[in-house]
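Shown next: start-v7.cif, given as mmCIF, C-alpha atoms.
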data_final
#
loop_
_atom_site.label_atom_id
_atom_site.label_comp_id
_atom_site.auth_asym_id
_atom_site.auth_seq_id
_atom_site.Cartn_x
_atom_site.Cartn_y
_atom_site.Cartn_z
CA MET Y 17 48.39 -10.78 45.46
CA SER Y 18 48.28 -7.75 47.70
CA THR Y 19 45.13 -5.88 48.66
CA GLU Y 20 44.61 -2.42 50.15
CA VAL Y 21 41.28 -1.03 51.30
CA LEU Y 22 40.87 2.75 51.18
CA GLU Y 23 37.85 4.24 52.92
CA PRO Y 24 36.15 7.52 51.99
CA ALA Y 25 36.08 10.45 54.41
CA GLY Y 26 32.40 9.89 55.24
CA PRO Y 27 29.95 6.98 55.16
CA SER Y 28 30.71 4.60 52.31
CA LYS Y 29 28.25 4.23 49.44
CA GLY Y 30 29.66 0.76 48.71
CA THR Y 31 32.90 -1.01 47.84
CA ILE Y 32 34.43 -0.93 44.35
CA THR Y 33 37.09 -3.58 43.71
CA LEU Y 34 39.82 -2.34 41.39
CA VAL Y 35 42.34 -4.87 40.04
CA HIS Y 36 45.67 -3.73 38.62
CA LEU Y 37 46.95 -6.47 36.31
CA TYR Y 38 50.69 -7.21 36.53
CA PRO Y 39 51.91 -4.02 38.22
CA ARG Y 40 55.54 -5.21 38.30
CA GLU Y 41 55.89 -6.51 34.77
CA MET Y 42 53.55 -4.08 33.00
CA SER Y 43 53.96 -0.63 34.51
CA ILE Y 44 57.22 0.83 33.25
CA TYR Y 45 55.90 4.22 32.14
CA GLY Y 46 54.20 5.40 35.31
CA ASP Y 47 50.92 3.62 34.62
CA ARG Y 48 50.64 2.72 38.30
CA GLY Y 49 49.63 6.37 38.65
CA ASN Y 50 46.35 5.51 36.92
CA THR Y 51 45.52 3.05 39.67
CA HIS Y 52 46.30 5.67 42.31
CA ALA Y 53 44.12 8.18 40.44
CA LEU Y 54 41.22 5.74 40.20
CA ALA Y 55 41.43 4.77 43.87
CA SER Y 56 41.60 8.40 44.98
CA ARG Y 57 38.66 9.38 42.82
CA ILE Y 58 36.59 6.41 44.01
CA ARG Y 59 37.13 7.64 47.58
CA ARG Y 60 36.32 11.23 46.66
CA HIS Y 61 33.02 10.06 45.23
CA GLY Y 62 32.22 8.48 48.59
CA TYR Y 63 32.93 4.82 47.83
CA THR Y 64 35.39 2.41 49.41
CA ALA Y 65 38.24 1.46 47.05
CA GLU Y 66 39.55 -2.09 47.35
CA VAL Y 67 42.77 -2.10 45.33
CA VAL Y 68 44.10 -5.52 44.31
CA LEU Y 69 47.52 -6.00 42.70
CA HIS Y 70 47.37 -9.13 40.55
CA ASP Y 71 50.72 -10.81 39.85
CA PRO Y 72 51.32 -13.91 37.69
CA GLY Y 73 50.08 -17.00 39.52
CA ASP Y 74 47.76 -15.16 41.90
CA ASP Y 75 44.16 -16.20 42.42
CA PHE Y 76 41.94 -14.19 40.12
CA ARG Y 77 39.28 -11.87 41.51
CA HIS Y 78 36.16 -12.92 39.63
CA ASP Y 79 34.15 -10.37 41.63
CA ALA Y 80 36.18 -7.34 40.51
CA HIS Y 81 34.32 -4.28 39.22
CA LEU Y 82 37.15 -2.46 37.42
CA PHE Y 83 40.47 -3.47 35.82
CA MET Y 84 43.62 -1.52 34.96
CA GLY Y 85 46.67 -2.73 33.00
CA GLY Y 86 49.76 -0.81 31.96
CA GLY Y 87 52.65 -0.80 29.55
CA GLY Y 88 55.70 -3.01 29.44
CA GLN Y 89 58.59 -4.13 27.29
CA ASP Y 90 58.36 -7.21 25.07
CA SER Y 91 60.07 -9.21 27.82
CA GLY Y 92 57.41 -8.14 30.32
CA GLN Y 93 54.67 -9.19 27.94
CA ALA Y 94 56.29 -12.59 27.57
CA ARG Y 95 56.49 -13.03 31.37
CA VAL Y 96 52.76 -12.50 31.84
CA GLU Y 97 51.70 -14.51 28.78
CA ALA Y 98 51.03 -17.79 30.62
CA ASP Y 99 49.01 -16.20 33.41
CA LEU Y 100 47.09 -14.02 30.98
CA GLY Y 101 46.23 -17.13 29.01
CA ALA Y 102 44.91 -18.77 32.17
CA VAL Y 103 42.73 -15.84 33.25
CA GLY Y 104 41.94 -14.78 29.69
CA PRO Y 105 38.62 -16.61 29.30
CA THR Y 106 37.35 -14.97 32.48
CA LEU Y 107 38.50 -11.53 31.34
CA GLN Y 108 36.84 -12.11 27.97
CA ALA Y 109 33.56 -13.06 29.63
CA MET Y 110 33.73 -10.08 32.00
CA ALA Y 111 34.45 -7.71 29.12
CA ARG Y 112 31.43 -9.06 27.23
CA ASP Y 113 29.37 -8.54 30.37
CA GLY Y 114 30.33 -4.85 30.45
CA VAL Y 115 32.99 -4.75 33.18
CA PRO Y 116 35.03 -1.56 32.70
CA MET Y 117 38.71 -2.00 31.86
CA LEU Y 118 41.51 0.40 30.95
CA VAL Y 119 44.54 -1.17 29.26
CA ILE Y 120 47.53 0.84 28.13
CA CYS Y 121 50.36 0.22 25.68
CA GLY Y 122 51.62 -3.34 26.25
CA MET Y 123 48.39 -4.53 27.86
CA TYR Y 124 46.43 -2.82 25.08
CA GLN Y 125 48.39 -4.91 22.59
CA LEU Y 126 47.75 -8.13 24.56
CA PHE Y 127 44.02 -7.38 24.73
CA GLY Y 128 44.07 -7.41 20.92
CA ASN Y 129 44.27 -10.36 18.55
CA SER Y 130 48.06 -10.74 18.49
CA PHE Y 131 51.38 -8.93 18.86
CA HIS Y 132 54.12 -9.69 16.33
CA THR Y 133 57.52 -8.70 17.76
CA VAL Y 134 60.43 -7.38 15.71
CA THR Y 135 62.23 -10.70 16.32
CA GLY Y 136 59.41 -12.66 14.70
CA GLN Y 137 57.79 -13.94 17.88
CA VAL Y 138 53.99 -13.95 17.86
CA LEU Y 139 52.30 -13.34 21.21
CA PRO Y 140 48.64 -14.35 21.05
CA GLY Y 141 46.19 -11.84 22.48
CA LEU Y 142 42.82 -12.16 24.15
CA GLY Y 143 40.85 -10.76 21.24
CA ILE Y 144 38.79 -8.52 23.50
CA LEU Y 145 39.69 -5.66 21.16
CA ASP Y 146 39.80 -6.30 17.42
CA VAL Y 147 43.31 -4.94 16.87
CA THR Y 148 46.58 -6.42 15.62
CA THR Y 149 50.00 -5.03 16.47
CA ARG Y 150 53.37 -5.43 14.76
CA GLY Y 151 56.67 -4.26 16.17
CA ASN Y 152 58.94 -2.22 13.92
CA ASP Y 153 62.09 -0.12 14.01
CA ARG Y 154 60.18 3.15 14.08
CA ARG Y 155 59.40 4.49 17.54
CA MET Y 156 56.45 6.83 18.04
CA ILE Y 157 57.19 9.20 20.91
CA GLY Y 158 55.71 12.47 22.07
CA PRO Y 159 52.72 14.30 23.48
CA VAL Y 160 49.29 13.47 22.10
CA CYS Y 161 45.94 15.21 21.92
CA LEU Y 162 42.78 13.31 20.99
CA GLU Y 163 39.17 14.11 20.28
CA THR Y 164 37.08 11.55 22.15
CA GLU Y 165 33.51 11.13 23.34
CA TYR Y 166 34.74 12.39 26.73
CA GLY Y 167 36.12 15.59 25.22
CA ARG Y 168 39.72 16.37 24.40
CA VAL Y 169 42.15 13.95 26.04
CA VAL Y 170 45.89 14.45 26.40
CA GLY Y 171 48.74 12.09 27.17
CA TYR Y 172 52.18 10.90 26.08
CA GLU Y 173 52.96 8.02 23.75
CA ASN Y 174 56.13 5.92 23.58
CA HIS Y 175 55.74 2.78 21.49
CA SER Y 176 57.28 0.96 18.55
CA GLY Y 177 54.27 -1.27 18.03
CA SER Y 178 52.10 -0.32 15.08
CA THR Y 179 48.47 -1.19 15.73
CA VAL Y 180 45.71 -1.58 13.14
CA LEU Y 181 42.01 -1.76 13.98
CA GLY Y 182 39.81 -4.45 12.51
CA GLU Y 183 36.82 -3.50 10.41
CA GLY Y 184 34.11 -2.12 12.65
CA GLN Y 185 36.37 -1.67 15.68
CA GLN Y 186 35.82 1.73 17.26
CA PRO Y 187 38.89 3.79 18.26
CA PHE Y 188 39.31 5.46 21.63
CA GLY Y 189 39.75 8.76 19.83
CA ARG Y 190 40.87 10.61 16.74
CA VAL Y 191 44.33 12.15 16.69
CA LEU Y 192 44.54 15.93 16.72
CA SER Y 193 48.28 15.89 17.46
CA GLY Y 194 50.67 12.95 17.74
CA HIS Y 195 51.04 9.56 16.07
CA GLY Y 196 48.29 7.40 17.54
CA ASN Y 197 47.97 3.70 16.74
CA ASN Y 198 50.28 3.69 13.75
CA GLY Y 199 51.04 7.24 12.61
CA GLU Y 200 49.02 6.82 9.43
CA ASP Y 201 45.26 6.42 9.88
CA GLY Y 202 44.64 9.21 12.42
CA LEU Y 203 43.15 6.87 15.00
CA GLU Y 204 44.23 6.18 18.57
CA GLY Y 205 43.37 3.28 20.82
CA ALA Y 206 40.29 1.12 20.66
CA ARG Y 207 37.05 0.78 22.58
CA THR Y 208 34.59 -2.09 22.84
CA LEU Y 209 31.71 -1.79 25.33
CA ASN Y 210 33.43 -0.52 28.51
CA VAL Y 211 36.96 -1.66 27.58
CA ILE Y 212 39.35 1.11 26.56
CA GLY Y 213 42.75 0.37 25.04
CA THR Y 214 45.20 3.20 24.39
CA TYR Y 215 48.88 4.09 23.99
CA LEU Y 216 48.53 7.20 26.15
CA HIS Y 217 50.78 7.34 29.19
CA GLY Y 218 51.34 10.41 31.28
CA PRO Y 219 49.82 8.72 33.22
CA LEU Y 220 46.53 9.19 31.42
CA LEU Y 221 43.93 9.56 34.16
CA PRO Y 222 45.27 12.32 36.46
CA ALA Y 223 45.10 14.81 33.57
CA ASN Y 224 41.79 13.46 32.24
CA PRO Y 225 39.51 12.85 35.24
CA MET Y 226 36.42 12.66 33.03
CA VAL Y 227 37.73 9.32 31.73
CA SER Y 228 38.16 8.10 35.31
CA ASP Y 229 34.58 9.08 36.12
CA ALA Y 230 33.24 7.22 33.08
CA LEU Y 231 34.96 4.02 34.23
CA ILE Y 232 34.00 4.50 37.87
CA ALA Y 233 30.35 5.19 37.00
CA VAL Y 234 29.99 1.74 35.42
CA ALA Y 235 31.96 0.06 38.21
CA ALA Y 236 29.88 1.72 40.93
CA GLU Y 237 26.61 0.53 39.43
CA ARG Y 238 27.96 -3.00 39.11
CA ALA Y 239 29.25 -2.93 42.69
CA THR Y 240 26.12 -1.58 44.36
CA GLY Y 241 23.24 -2.37 42.03
CA ARG Y 242 22.34 1.33 42.11
CA PRO Y 243 23.06 4.17 39.70
CA PHE Y 244 26.36 5.97 40.24
CA GLU Y 245 26.08 8.60 42.97
CA PRO Y 246 28.86 11.08 42.16
CA GLU Y 247 30.02 13.83 44.44
CA PRO Y 248 30.44 17.33 42.97
CA MET Y 249 34.10 17.86 42.21
CA SER Y 250 36.42 20.57 41.06
CA ASP Y 251 39.67 19.63 39.33
CA PRO Y 252 41.32 22.97 38.54
CA LEU Y 253 44.90 21.64 38.35
CA ALA Y 254 43.97 18.77 36.05
CA ASP Y 255 41.82 21.05 33.91
CA GLU Y 256 44.55 23.66 33.60
CA ALA Y 257 47.22 21.08 32.78
CA ARG Y 258 45.04 19.50 30.12
CA GLU Y 259 43.97 22.83 28.60
CA ARG Y 260 47.57 24.07 28.45
CA GLN Y 261 48.62 20.89 26.68
CA VAL Y 262 45.74 21.24 24.21
CA ARG Y 263 46.67 24.86 23.47
CA ARG Y 264 50.34 23.97 23.06
CA LEU Y 265 49.62 21.13 20.67
CA ILE Y 266 46.73 22.37 18.55
CA GLY Y 267 46.16 25.99 19.50
CA HIS Y 268 42.51 27.10 19.71
CA ARG Y 269 40.99 24.94 17.01
#
Starting from the file, lay out its structure as structure tokens.
Amino acid sequence: MSTEVLEPAGPSKGTITLVHLYPREMSIYGDRGNTHALASRIRRHGYTAEVVLHDPGDDFRHDAHLFMGGGGQDSGQARVEADLGAVGPTLQAMARDGVPMLVICGMYQLFGNSFHTVTGQVLPGLGILDVTTRGNDRRMIGPVCLETEYGRVVGYENHSGSTVLGEGQQPFGRVLSGHGNNGEDGLEGARTLNVIGTYLHGPLLPANPMVSDALIAVAAERATGRPFEPEPMSDPLADEARERQVRRLIGHR
């Protein structure tokens, strides 16, 4: 386990501990960029960011305020299975308690009920999100635009897993352009309390800072016992990149 502490430019409003789960095994599509984006934004809001990289076998940070997990191949998922099973009950309890978590692609699948690989292997999930995923020969690749409670969100998907939501499970968003969970039901990702699962890479957060702020707001309150104290921010590059992608994919509707 490695830890880095990043201080804000001025007096700190408190320390937010951000844990990136399995950055070596589960970060093949640039998802480490989401951790960098979160840490940078935590600092810009005037908080200290304690960034912890959790590898299989490491001691688990029960006091963490925010979790991030990325995508990986089937082999990467298999390599983290034992450790995830060990820390799973704690993650389940923390999720029920409202700890914010962002899990992408492979980790999204493992936060579900189960992942059935194309070779017939069944990887049990944590059941934090009521979703089930099956591997298939069809690969869903390309840019995505979603309608979400945060506004329009853009990203890039690259997955062969086909995910189906259980009855009553809320999606992360509705697909305006792209495939989404399975290319059929028009839904993308899943959300339960403050846990967001999604197939969107890109990485997701640099182009969609409003999602970062939603996660950080919950983490900041948990870390300090006070309401989130955001700093005013301008994100013209992120806004322009997102708006251009929206226009390219769906026009002005």
Determine, counting all atoms listed in the file, every residue of protein, DNA or RNA that lies within 9 Å of (40.0, -0.2, 41.7) in the file coordinates, then give the result as a short mmCIF file (atom, residue, chain, number, x, y, z; two decimals) with C-alpha atoms, in the frame of the given file.
data_model
loop_
_atom_site.label_atom_id
_atom_site.label_comp_id
_atom_site.auth_asym_id
_atom_site.auth_seq_id
_atom_site.Cartn_x
_atom_site.Cartn_y
_atom_site.Cartn_z
CA ILE Y 32 34.43 -0.93 44.35
CA THR Y 33 37.09 -3.58 43.71
CA LEU Y 34 39.82 -2.34 41.39
CA VAL Y 35 42.34 -4.87 40.04
CA HIS Y 36 45.67 -3.73 38.62
CA THR Y 51 45.52 3.05 39.67
CA HIS Y 52 46.30 5.67 42.31
CA LEU Y 54 41.22 5.74 40.20
CA ALA Y 55 41.43 4.77 43.87
CA ILE Y 58 36.59 6.41 44.01
CA ALA Y 65 38.24 1.46 47.05
CA GLU Y 66 39.55 -2.09 47.35
CA VAL Y 67 42.77 -2.10 45.33
CA VAL Y 68 44.10 -5.52 44.31
CA ALA Y 80 36.18 -7.34 40.51
CA HIS Y 81 34.32 -4.28 39.22
CA LEU Y 82 37.15 -2.46 37.42
CA PHE Y 83 40.47 -3.47 35.82
CA MET Y 84 43.62 -1.52 34.96
CA ILE Y 232 34.00 4.50 37.87
CA ALA Y 235 31.96 0.06 38.21
#
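With all atoms listed in the file taken into account, the protein and nucleic acid residues at most 10 Å from Y:Asn198 (excluding it and anything under 5 positions from it in its own chain) are Y:Thr149, Y:Arg150, Y:Arg154, Y:Arg155, Y:Met156, Y:His175, Y:Ser176, Y:Gly177, Y:Ser178, Y:Thr179, Y:Val180, Y:Leu181, Y:Leu203, Y:Glu204, Y:Gly205.
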**Q.** Residue neighbourhood stretch 117-127 of chain Y, 8 Å, all atoms listed in the file, exclusion window fewer than 6 positions, as a PyMOL selection string
**A.** chain Y and resi 42+47+82-90+93+111+139-145+147-149+175+179+210-217+231
Q | Among listed residues Y:Gly267, Y:Gly189, Y:Gly199, Y:Pro116, nearest Y:Asp229 (using all atoms listed in the file) | A | Y:Pro116
Q.
Nearest residue to Y:Gly62 out of Y:Gly151, Y:Pro27, Y:Pro105, Y:Gly194, using only C-alpha atoms?
A. Y:Pro27
Q) Hey, which of Y:Leu107, Y:Ile44, Y:Val115, Y:Ala98 ends up closest to Y:Arg238? Count only C-alpha atoms. A) Y:Val115
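Comparing the minimum interatomic distances between Y:Gly26 and each of Y:Glu247, Y:Glu97, Y:Gln186, Y:Thr164, counting all atoms listed in the file, we find that Y:Glu247 sits nearest.
Between atom CA of Y:Arg59 and atom CA of Y:Ser28 the interatomic distance comes to 8.5 Å.
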Q: To one decimal in Å, tell me the separation between atom CA of Y:Val103 and atom CA of Y:Arg40.
A: 17.4 Å
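The residues that lie within 12 Å of the point (37.7, 9.4, 16.7), counting all atoms listed in the file, are Cys161, Leu162, Glu163, Thr164, Glu165, Tyr166, Gly167, Arg168, Val169, Gln185, Gln186, Pro187, Phe188, Gly189, Arg190, Val191, Leu192, Gly196, Asn197, Asp201, Gly202, Leu203, Glu204, Gly205, Ala206 and Arg207 of chain Y.
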Q: Have a look at atom CA of Y:Tyr45 and atom CA of Y:His132 and let me know their distance in Å, one decimal.
A: 21.1 Å
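Residues matched by the PyMOL selection byres ((chain Y and resi 245) around 9) in this file are Lys29, His61, Gly62, Ala233, Ala236, Glu237, Arg242, Pro243, Phe244, Pro246 and Glu247 of chain Y.
Against this structure, the PyMOL selection byres ((chain Y and resi 22) around 7) ends up with Glu20, Val21, Glu23, Pro24, Thr64, Ala65 and Glu66 of chain Y.
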Q: Tell me, as a ChimeraX atom specification, which residues lie within 8 Å of Y:Ser228, counting all atoms listed in the file; anything in the same chain fewer than 5 positions away does not count.
A: /Y:53-54,57,221
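Residue nearest Y:Gly136 within the list Y:Thr19, Y:Asn152, Y:Gly46, Y:Met249: Y:Asn152 [criterion: smallest interatomic distance, only C-alpha atoms].
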Q: Counting only C-alpha atoms, figure out which residue out of Y:Leu69, Y:Val160, Y:Val234, Y:Leu253 gets nearest to Y:Ser18.
A: Y:Leu69
Q: I need the residue set behind the PyMOL selection byres ((chain Y and resi 251) around 10) for this file; please write it as a ChimeraX atom specification.
A: /Y:222-226,249-250,252-256
